[in-house]
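Trainee: Structure file model.cif (mmCIF, C-alpha atoms and all ligand atoms) is given on the next line.
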data_final
#
loop_
_atom_site.label_atom_id
_atom_site.label_comp_id
_atom_site.auth_asym_id
_atom_site.auth_seq_id
_atom_site.Cartn_x
_atom_site.Cartn_y
_atom_site.Cartn_z
CA MET A 1 207.15 69.46 247.89
CA GLU A 2 207.32 70.61 244.29
CA SER A 3 205.09 73.53 243.49
CA SER A 4 203.17 71.44 240.91
CA ASP A 5 202.51 68.80 243.64
CA PHE A 6 201.31 71.55 245.91
CA HIS A 7 198.85 72.94 243.35
CA HIS A 8 197.71 69.47 242.37
CA SER A 9 197.06 68.56 246.03
CA LEU A 10 195.28 71.85 246.60
CA ALA A 11 193.05 71.24 243.57
CA LEU A 12 192.20 67.77 244.91
CA LEU A 13 191.32 69.22 248.29
CA ASP A 14 189.17 71.90 246.67
CA TRP A 15 187.38 69.23 244.74
CA GLN A 16 186.70 67.18 247.87
CA ILE A 17 185.33 70.26 249.61
CA GLU A 18 183.07 70.94 246.63
CA LEU A 19 181.80 67.38 246.84
CA GLY A 20 180.95 68.01 250.47
CA ALA A 21 183.75 65.91 252.02
CA THR A 22 184.40 68.47 254.73
CA GLU A 23 184.12 66.39 257.92
CA ALA A 24 187.08 64.60 259.51
CA ILE A 25 186.07 61.09 260.53
CA CYS A 26 188.97 60.44 262.98
CA ASP A 27 190.49 62.60 265.70
CA ALA A 28 193.94 62.36 264.16
CA PRO A 29 195.06 62.09 260.53
CA VAL A 30 196.04 58.61 259.25
CA ASN A 31 198.96 58.13 256.89
CA CYS A 32 197.73 55.27 254.73
CA TYR A 33 201.28 54.53 253.53
CA ASP A 34 202.39 53.70 257.08
CA LEU A 35 199.69 51.13 257.70
CA PRO A 36 200.81 47.51 258.21
CA ALA A 37 200.18 45.02 255.42
CA ALA A 38 196.61 43.78 255.45
CA ALA A 39 195.73 40.36 256.85
CA PRO A 40 195.33 37.55 254.32
CA GLY A 41 192.07 37.83 252.47
CA GLN A 42 191.82 41.57 253.18
CA PRO A 43 192.38 44.18 250.46
CA ARG A 44 195.93 45.55 250.52
CA ARG A 45 196.69 49.26 250.55
CA ALA A 46 199.31 50.37 248.04
CA LYS A 47 202.70 51.29 249.52
CA GLN A 48 204.46 54.35 248.23
CA THR A 49 207.44 52.23 247.13
CA GLU A 50 205.36 49.79 245.12
CA GLN A 51 205.44 50.17 241.35
CA PRO A 52 201.96 50.93 240.17
CA SER A 53 200.89 48.32 237.67
CA ALA A 54 200.14 49.62 234.19
CA PRO A 55 196.54 50.79 234.07
CA ALA A 56 194.71 48.05 232.22
CA ALA A 57 191.93 49.12 229.89
CA ALA A 58 189.02 48.61 232.26
CA PRO A 59 186.63 46.06 230.82
CA LYS A 60 183.06 47.25 230.94
CA THR A 61 181.42 45.98 234.10
CA PRO A 62 177.99 44.44 233.71
CA VAL A 63 176.66 47.51 235.52
CA GLU A 64 178.11 49.89 232.89
CA ALA A 65 177.13 47.71 229.98
CA ASP A 66 173.65 47.49 231.40
CA GLY A 67 173.32 51.19 232.19
CA ALA A 68 171.90 52.40 228.89
CA ALA A 69 169.43 49.50 228.70
CA GLN A 70 168.27 50.18 232.27
CA ALA A 71 167.97 53.88 231.48
CA ARG A 72 165.85 53.10 228.42
CA GLU A 73 163.55 50.88 230.44
CA ALA A 74 163.20 53.36 233.30
CA ALA A 75 162.66 56.29 230.92
CA GLN A 76 160.01 54.49 228.86
CA ALA A 77 158.11 53.53 232.00
CA ALA A 78 157.79 57.19 233.06
CA GLN A 79 154.40 58.54 232.05
CA SER A 80 154.83 62.10 233.30
CA LEU A 81 157.61 64.60 233.91
CA ASP A 82 157.34 63.99 237.65
CA ALA A 83 157.68 60.25 237.12
CA LEU A 84 160.68 60.89 234.88
CA ARG A 85 162.33 63.03 237.53
CA GLN A 86 161.80 60.26 240.06
CA ALA A 87 163.14 57.63 237.67
CA MET A 88 166.28 59.70 237.13
CA ALA A 89 166.71 60.33 240.85
CA GLY A 90 166.60 56.58 241.44
CA PHE A 91 168.99 55.70 238.60
CA GLU A 92 172.21 54.34 240.09
CA HIS A 93 174.23 53.38 237.00
CA CYS A 94 175.83 56.73 236.17
CA ALA A 95 178.92 57.40 238.30
CA LEU A 96 178.37 61.18 238.09
CA LYS A 97 175.51 60.84 240.55
CA LYS A 98 177.92 59.84 243.33
CA GLY A 99 179.86 63.09 243.09
CA ALA A 100 176.87 65.40 242.69
CA ARG A 101 174.95 67.22 245.39
CA ASN A 102 171.67 67.46 243.53
CA LEU A 103 169.83 66.11 240.56
CA VAL A 104 169.33 69.02 238.16
CA PHE A 105 166.17 68.12 236.29
CA SER A 106 164.59 71.23 234.79
CA ASP A 107 163.33 74.76 235.25
CA GLY A 108 160.81 77.00 233.53
CA ARG A 109 157.33 75.89 232.56
CA PRO A 110 156.69 72.27 231.64
CA GLY A 111 154.75 72.26 228.38
CA ALA A 112 156.26 75.57 227.21
CA PRO A 113 156.72 75.92 223.44
CA VAL A 114 160.50 76.37 223.66
CA MET A 115 162.65 73.71 225.31
CA ILE A 116 166.28 74.68 225.86
CA VAL A 117 168.77 71.82 226.21
CA GLY A 118 172.07 72.75 227.85
CA GLU A 119 175.05 70.54 228.55
CA ALA A 120 175.47 69.66 232.22
CA PRO A 121 175.17 71.42 235.58
CA GLY A 122 178.09 73.43 236.86
CA ARG A 123 178.88 74.24 240.48
CA ASP A 124 176.04 76.72 241.01
CA GLU A 125 173.46 74.47 239.38
CA ASP A 126 174.69 71.48 241.42
CA ARG A 127 174.23 73.51 244.61
CA GLU A 128 170.76 74.81 243.73
CA GLY A 129 169.41 71.82 241.83
CA ARG A 130 168.26 74.09 238.96
CA PRO A 131 169.77 74.41 235.47
CA PHE A 132 171.48 77.59 234.27
CA VAL A 133 171.69 79.63 237.46
CA GLY A 134 175.38 80.64 237.27
CA ALA A 135 176.97 83.30 235.07
CA ALA A 136 176.07 81.50 231.82
CA GLY A 137 172.52 81.08 233.12
CA GLN A 138 172.21 84.80 233.81
CA LEU A 139 173.22 85.55 230.26
CA LEU A 140 170.76 82.92 229.00
CA ASP A 141 168.00 84.64 230.99
CA HIS A 142 168.90 88.05 229.52
CA MET A 143 168.95 86.62 226.02
CA PHE A 144 165.51 85.04 226.25
CA ALA A 145 164.03 87.94 228.23
CA ALA A 146 165.13 90.19 225.34
CA ILE A 147 162.75 88.30 223.02
CA GLY A 148 159.98 88.29 225.64
CA MET A 149 160.68 84.76 226.85
CA GLY A 150 161.67 85.01 230.51
CA ARG A 151 161.67 81.73 232.41
CA SER A 152 160.22 82.81 235.72
CA ASP A 153 156.66 83.91 235.07
CA GLU A 154 153.73 81.58 235.36
CA ASN A 155 153.20 81.49 231.61
CA ALA A 156 156.89 81.27 230.79
CA PRO A 157 157.33 80.22 227.18
CA VAL A 158 160.55 78.37 227.99
CA TYR A 159 161.41 75.09 229.67
CA ILE A 160 165.06 74.31 230.41
CA THR A 161 166.99 71.09 230.92
CA ASN A 162 170.44 69.61 230.29
CA VAL A 163 171.84 66.54 228.55
CA LEU A 164 173.13 65.37 231.94
CA PRO A 165 171.39 65.90 235.27
CA TRP A 166 174.54 65.60 237.43
CA ARG A 167 177.59 67.81 237.54
CA PRO A 168 180.75 66.24 236.06
CA PRO A 169 183.67 66.62 238.51
CA GLN A 170 185.59 69.84 238.04
CA ASN A 171 183.25 70.76 235.18
CA ARG A 172 184.98 68.40 232.77
CA ASP A 173 183.17 67.58 229.55
CA PRO A 174 180.80 64.63 229.94
CA SER A 175 182.21 61.46 228.35
CA PRO A 176 180.52 59.88 225.31
CA GLU A 177 179.63 56.90 227.56
CA GLU A 178 177.89 59.15 230.09
CA ILE A 179 175.99 60.94 227.35
CA ALA A 180 174.94 57.65 225.72
CA MET A 181 173.83 56.20 229.05
CA MET A 182 171.64 59.17 229.95
CA LYS A 183 170.29 59.87 226.46
CA PRO A 184 167.14 57.74 226.83
CA PHE A 185 166.12 60.03 229.72
CA LEU A 186 166.66 63.12 227.57
CA GLU A 187 164.65 61.66 224.70
CA ARG A 188 161.81 60.79 227.05
CA HIS A 189 162.04 64.26 228.60
CA ILE A 190 161.48 65.80 225.17
CA ALA A 191 158.61 63.41 224.37
CA LEU A 192 156.85 64.25 227.66
CA ALA A 193 157.49 68.02 227.55
CA LYS A 194 156.22 68.20 223.94
CA PRO A 195 157.94 71.46 222.93
CA LYS A 196 157.23 73.13 219.58
CA VAL A 197 160.89 74.00 219.23
CA LEU A 198 164.13 72.72 220.75
CA VAL A 199 167.09 75.01 221.32
CA VAL A 200 170.30 73.03 221.48
CA MET A 201 172.95 74.97 223.39
CA GLY A 202 176.58 74.10 222.64
CA ASN A 203 178.54 71.14 221.36
CA ILE A 204 177.61 68.54 223.97
CA SER A 205 173.90 69.05 223.33
CA ALA A 206 174.46 69.07 219.56
CA GLN A 207 176.38 65.81 219.91
CA ALA A 208 173.65 64.24 222.03
CA LEU A 209 170.65 65.33 219.94
CA LEU A 210 171.99 65.86 216.43
CA GLY A 211 174.92 63.43 216.49
CA LYS A 212 177.24 66.26 215.38
CA ARG A 213 179.67 68.74 216.86
CA GLY A 214 180.89 72.04 215.43
CA ILE A 215 178.31 74.37 216.92
CA THR A 216 179.78 77.53 215.36
CA ARG A 217 178.98 75.98 211.95
CA LEU A 218 175.66 74.41 212.96
CA ARG A 219 174.21 77.44 214.72
CA GLY A 220 171.55 79.49 213.07
CA THR A 221 170.24 76.75 210.75
CA TRP A 222 167.02 74.95 211.60
CA THR A 223 167.22 71.19 211.69
CA GLU A 224 165.15 68.45 213.35
CA ALA A 225 165.53 65.89 216.13
CA HIS A 226 162.91 63.41 217.33
CA GLY A 227 160.34 65.08 215.10
CA VAL A 228 160.85 68.52 216.67
CA PRO A 229 162.39 71.56 214.90
CA VAL A 230 165.80 72.37 216.41
CA MET A 231 167.72 75.63 216.48
CA PRO A 232 171.37 75.00 217.42
CA MET A 233 172.99 77.96 219.23
CA CYS A 234 176.34 78.80 220.74
CA HIS A 235 176.36 78.11 224.46
CA PRO A 236 176.07 81.23 226.67
CA ALA A 237 179.36 80.28 228.36
CA TYR A 238 180.98 80.54 224.91
CA LEU A 239 179.28 83.90 224.36
CA LEU A 240 180.71 85.16 227.66
CA ARG A 241 184.19 84.29 226.40
CA ASN A 242 183.52 85.49 222.84
CA PRO A 243 181.26 88.55 223.04
CA ALA A 244 181.60 89.14 219.29
CA ALA A 245 179.50 85.99 218.75
CA LYS A 246 176.53 87.60 220.57
CA ARG A 247 175.49 89.31 217.35
CA GLU A 248 174.85 85.94 215.66
CA ALA A 249 173.14 84.65 218.80
CA TRP A 250 170.76 87.61 218.59
CA ALA A 251 169.87 86.64 215.02
CA ASP A 252 169.17 83.08 216.23
CA LEU A 253 166.92 84.38 219.01
CA LEU A 254 164.92 86.49 216.55
CA ASP A 255 164.50 83.42 214.38
CA ILE A 256 163.17 81.44 217.34
CA ARG A 257 160.73 84.18 218.23
CA ALA A 258 159.52 84.41 214.63
CA ARG A 259 158.98 80.64 214.48
CA ILE A 260 157.02 80.59 217.74
CA SER A 261 154.90 83.60 216.75
CA ALA A 262 154.05 81.90 213.46
CA HIS A 263 152.54 78.91 215.29
N1 LIG B 301 175.82 75.14 231.47
C1 LIG B 301 174.92 74.24 231.02
O1 LIG B 301 175.03 73.75 229.89
N2 LIG B 301 173.90 73.92 231.81
C2 LIG B 301 173.74 74.44 233.01
O2 LIG B 301 172.77 74.09 233.68
C3 LIG B 301 174.68 75.37 233.46
C4 LIG B 301 175.72 75.71 232.69
#
Have the structure of the file written as structure tokens, please.
Ligand code: URA
Mentor:
Amino acid sequence: MESSDFHHSLALLDWQIELGATEAICDAPVNCYDLPAAAPGQPRRAKQTEQPSAPAAAPKTPVEADGAAQAREAAQAAQSLDALRQAMAGFEHCALKKGARNLVFSDGRPGAPVMIVGEAPGRDEDREGRPFVGAAGQLLDHMFAAIGMGRSDENAPVYITNVLPWRPPQNRDPSPEEIAMMKPFLERHIALAKPKVLVVMGNISAQALLGKRGITRLRGTWTEAHGVPVMPMCHPAYLLRNPAAKREAWADLLDIRARISAH
């Protein structure tokens, strides 16, 4: 086995373990390539010697095409944050749900003046079912605690969610289709949480809420989305990799605090 095959296979195994596929279902392993051809009418398994056909551009299935419309309907019907959480938990059109352990809906205090919108759950968030609990989340907590806005107390002035409630496999960036499908839920989330200020963390959130990327240019300048003032900021994961950018993030935090104090 080539070393690249080995590492590729190991990464696939790791991924399956992360998804929770840790139980063997037979006593002995089955080599799918040795199985006899399927009976007529049954689906055939690919043989190793067969030439894979060129991957056709998958036409949108009715389920995919319908997803955003169904999301809009389900989101609009939700009259409270609890109802919205339930609607999202019952939404079956986004394939990310199948690979995720938990729905990551929100944390902090519903109704808080500051609503932080991150990108998507990572491994730690997927395990705990809460946004921003891994390394980036710890930095986020330190940043907001430094301006007197910790998330854990009863009167926490922050409420936290993500563009996507399910972890993308291997932490890949969410696709534009996934973002578009889930966006009605995010918009309804904002309408129901009624924040005074939105903090958009990173490029994916900027894309979803402002229709733009380029967060290092956008950060630090107030803008608006859905009638709410928005402060775009560099994502804490970016700040962990680029500590020099923390200085600008600090300026953004002070701006947020000043805006909230002025209300
Ligand atoms: N990064 C995000 O954008 N959101 C999380 O919940 C965790 C990491």
Trainee: In Å to one decimal, how far is atom CA of A:Cys94 from atom CA of A:Glu177?
Mentor: 9.4 Å
Trainee: Could you list the protein, DNA and RNA residues that have any atom within 10 Å of ligand LIG 301 (chain B), counting only C-alpha atoms and all ligand atoms, and write them as a ChimeraX atom specification?
Mentor: /A:104-107,116-126,129-138,140,160-167,171,200-205,235-238
Trainee: For the residues selected in the previous step, produce a file with C-alpha atoms as an mmCIF file, in the frame of the given file.
Mentor:
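File produced: again_2.cif:
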data_model
loop_
_atom_site.group_PDB
_atom_site.id
_atom_site.type_symbol
_atom_site.label_atom_id
_atom_site.label_comp_id
_atom_site.auth_asym_id
_atom_site.auth_seq_id
_atom_site.Cartn_x
_atom_site.Cartn_y
_atom_site.Cartn_z
ATOM 1 C CA VAL A 104 169.330 69.020 238.160
ATOM 2 C CA PHE A 105 166.170 68.120 236.290
ATOM 3 C CA SER A 106 164.590 71.230 234.790
ATOM 4 C CA ASP A 107 163.330 74.760 235.250
ATOM 5 C CA ILE A 116 166.280 74.680 225.860
ATOM 6 C CA VAL A 117 168.770 71.820 226.210
ATOM 7 C CA GLY A 118 172.070 72.750 227.850
ATOM 8 C CA GLU A 119 175.050 70.540 228.550
ATOM 9 C CA ALA A 120 175.470 69.660 232.220
ATOM 10 C CA PRO A 121 175.170 71.420 235.580
ATOM 11 C CA GLY A 122 178.090 73.430 236.860
ATOM 12 C CA ARG A 123 178.880 74.240 240.480
ATOM 13 C CA ASP A 124 176.040 76.720 241.010
ATOM 14 C CA GLU A 125 173.460 74.470 239.380
ATOM 15 C CA ASP A 126 174.690 71.480 241.420
ATOM 16 C CA GLY A 129 169.410 71.820 241.830
ATOM 17 C CA ARG A 130 168.260 74.090 238.960
ATOM 18 C CA PRO A 131 169.770 74.410 235.470
ATOM 19 C CA PHE A 132 171.480 77.590 234.270
ATOM 20 C CA VAL A 133 171.690 79.630 237.460
ATOM 21 C CA GLY A 134 175.380 80.640 237.270
ATOM 22 C CA ALA A 135 176.970 83.300 235.070
ATOM 23 C CA ALA A 136 176.070 81.500 231.820
ATOM 24 C CA GLY A 137 172.520 81.080 233.120
ATOM 25 C CA GLN A 138 172.210 84.800 233.810
ATOM 26 C CA LEU A 140 170.760 82.920 229.000
ATOM 27 C CA ILE A 160 165.060 74.310 230.410
ATOM 28 C CA THR A 161 166.990 71.090 230.920
ATOM 29 C CA ASN A 162 170.440 69.610 230.290
ATOM 30 C CA VAL A 163 171.840 66.540 228.550
ATOM 31 C CA LEU A 164 173.130 65.370 231.940
ATOM 32 C CA PRO A 165 171.390 65.900 235.270
ATOM 33 C CA TRP A 166 174.540 65.600 237.430
ATOM 34 C CA ARG A 167 177.590 67.810 237.540
ATOM 35 C CA ASN A 171 183.250 70.760 235.180
ATOM 36 C CA VAL A 200 170.300 73.030 221.480
ATOM 37 C CA MET A 201 172.950 74.970 223.390
ATOM 38 C CA GLY A 202 176.580 74.100 222.640
ATOM 39 C CA ASN A 203 178.540 71.140 221.360
ATOM 40 C CA ILE A 204 177.610 68.540 223.970
ATOM 41 C CA SER A 205 173.900 69.050 223.330
ATOM 42 C CA HIS A 235 176.360 78.110 224.460
ATOM 43 C CA PRO A 236 176.070 81.230 226.670
ATOM 44 C CA ALA A 237 179.360 80.280 228.360
ATOM 45 C CA TYR A 238 180.980 80.540 224.910
#
Trainee: Taking into account all atoms listed in the file, which residue in the set A:Glu92, A:Asp173, A:Asp153, A:Asp82 is nearest to A:Ala112?
Mentor: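 With all atoms listed in the file as the atom set, the closest residue is A:Asp153.
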Trainee: How many Å separate atom CA of A:Ala77 from atom CA of A:Pro113?
Mentor: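 Separating atom CA of A:Ala77 from atom CA of A:Pro113 is a distance of 24.0 Å.
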Trainee: Nearest to A:Leu240 among A:Leu139, A:Leu210, A:Ala145, A:Leu103, with distances taken over all atoms listed in the file: which residue is it?
Mentor: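 Result for the nearest residue to A:Leu240: A:Leu139.
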Trainee: In Å, rounded to a single decimal, give me how far atom CA of A:Met233 is from atom CA of A:Leu218.
Mentor: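 These two atoms are separated by 7.7 Å.
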Trainee: Which polymer residues, protein or nucleic acid, are no farther than 10 Å from (168.0, 58.5, 231.6), counting all atoms listed in the file, as a PDB file with C-alpha atoms, in the coordinates of the input?
Mentor:
ATOM      1  CA  GLY A  67     173.320  51.190 232.190  1.00  0.00           C
ATOM      2  CA  ALA A  68     171.900  52.400 228.890  1.00  0.00           C
ATOM      3  CA  ALA A  69     169.430  49.500 228.700  1.00  0.00           C
ATOM      4  CA  GLN A  70     168.270  50.180 232.270  1.00  0.00           C
ATOM      5  CA  ALA A  71     167.970  53.880 231.480  1.00  0.00           C
ATOM      6  CA  ARG A  72     165.850  53.100 228.420  1.00  0.00           C
ATOM      7  CA  GLU A  73     163.550  50.880 230.440  1.00  0.00           C
ATOM      8  CA  ALA A  74     163.200  53.360 233.300  1.00  0.00           C
ATOM      9  CA  ALA A  75     162.660  56.290 230.920  1.00  0.00           C
ATOM     10  CA  GLN A  76     160.010  54.490 228.860  1.00  0.00           C
ATOM     11  CA  LEU A  84     160.680  60.890 234.880  1.00  0.00           C
ATOM     12  CA  ARG A  85     162.330  63.030 237.530  1.00  0.00           C
ATOM     13  CA  ALA A  87     163.140  57.630 237.670  1.00  0.00           C
ATOM     14  CA  MET A  88     166.280  59.700 237.130  1.00  0.00           C
ATOM     15  CA  ALA A  89     166.710  60.330 240.850  1.00  0.00           C
ATOM     16  CA  PHE A  91     168.990  55.700 238.600  1.00  0.00           C
ATOM     17  CA  HIS A  93     174.230  53.380 237.000  1.00  0.00           C
ATOM     18  CA  CYS A  94     175.830  56.730 236.170  1.00  0.00           C
ATOM     19  CA  VAL A 163     171.840  66.540 228.550  1.00  0.00           C
ATOM     20  CA  LEU A 164     173.130  65.370 231.940  1.00  0.00           C
ATOM     21  CA  PRO A 165     171.390  65.900 235.270  1.00  0.00           C
ATOM     22  CA  ILE A 179     175.990  60.940 227.350  1.00  0.00           C
ATOM     23  CA  ALA A 180     174.940  57.650 225.720  1.00  0.00           C
ATOM     24  CA  MET A 181     173.830  56.200 229.050  1.00  0.00           C
ATOM     25  CA  MET A 182     171.640  59.170 229.950  1.00  0.00           C
ATOM     26  CA  LYS A 183     170.290  59.870 226.460  1.00  0.00           C
ATOM     27  CA  PRO A 184     167.140  57.740 226.830  1.00  0.00           C
ATOM     28  CA  PHE A 185     166.120  60.030 229.720  1.00  0.00           C
ATOM     29  CA  LEU A 186     166.660  63.120 227.570  1.00  0.00           C
ATOM     30  CA  GLU A 187     164.650  61.660 224.700  1.00  0.00           C
ATOM     31  CA  ARG A 188     161.810  60.790 227.050  1.00  0.00           C
ATOM     32  CA  HIS A 189     162.040  64.260 228.600  1.00  0.00           C
TER      33      HIS A 189
END
Trainee: Which centre and edge lengths in Å to one decimal define the box along x, y and z that fits every listed atom of stretch 195-212 of chain A plus 8 Å per side, as lines of an AutoDock Vina configuration file?
Mentor:
center_x = 167.9
center_y = 69.2
center_z = 219.7
size_x = 37.3
size_y = 27.6
size_z = 24.6
Trainee: Name the closest residue to A:Gly150 among the candidates A:Pro176, A:Arg109, A:Ala262, A:Ala100; distances are taken between atoms, counting all atoms listed in the file.
Mentor: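 Of all the options, A:Arg109 lies closest to A:Gly150.
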Trainee: Please identify all polymer residues lying at most 9 Å from the point (174.0, 85.0, 217.7) (file coordinates), using all atoms listed in the file, and present the result as a VMD selection string.
Mentor: chain A and resid 219 to 220 233 to 234 239 244 to 253
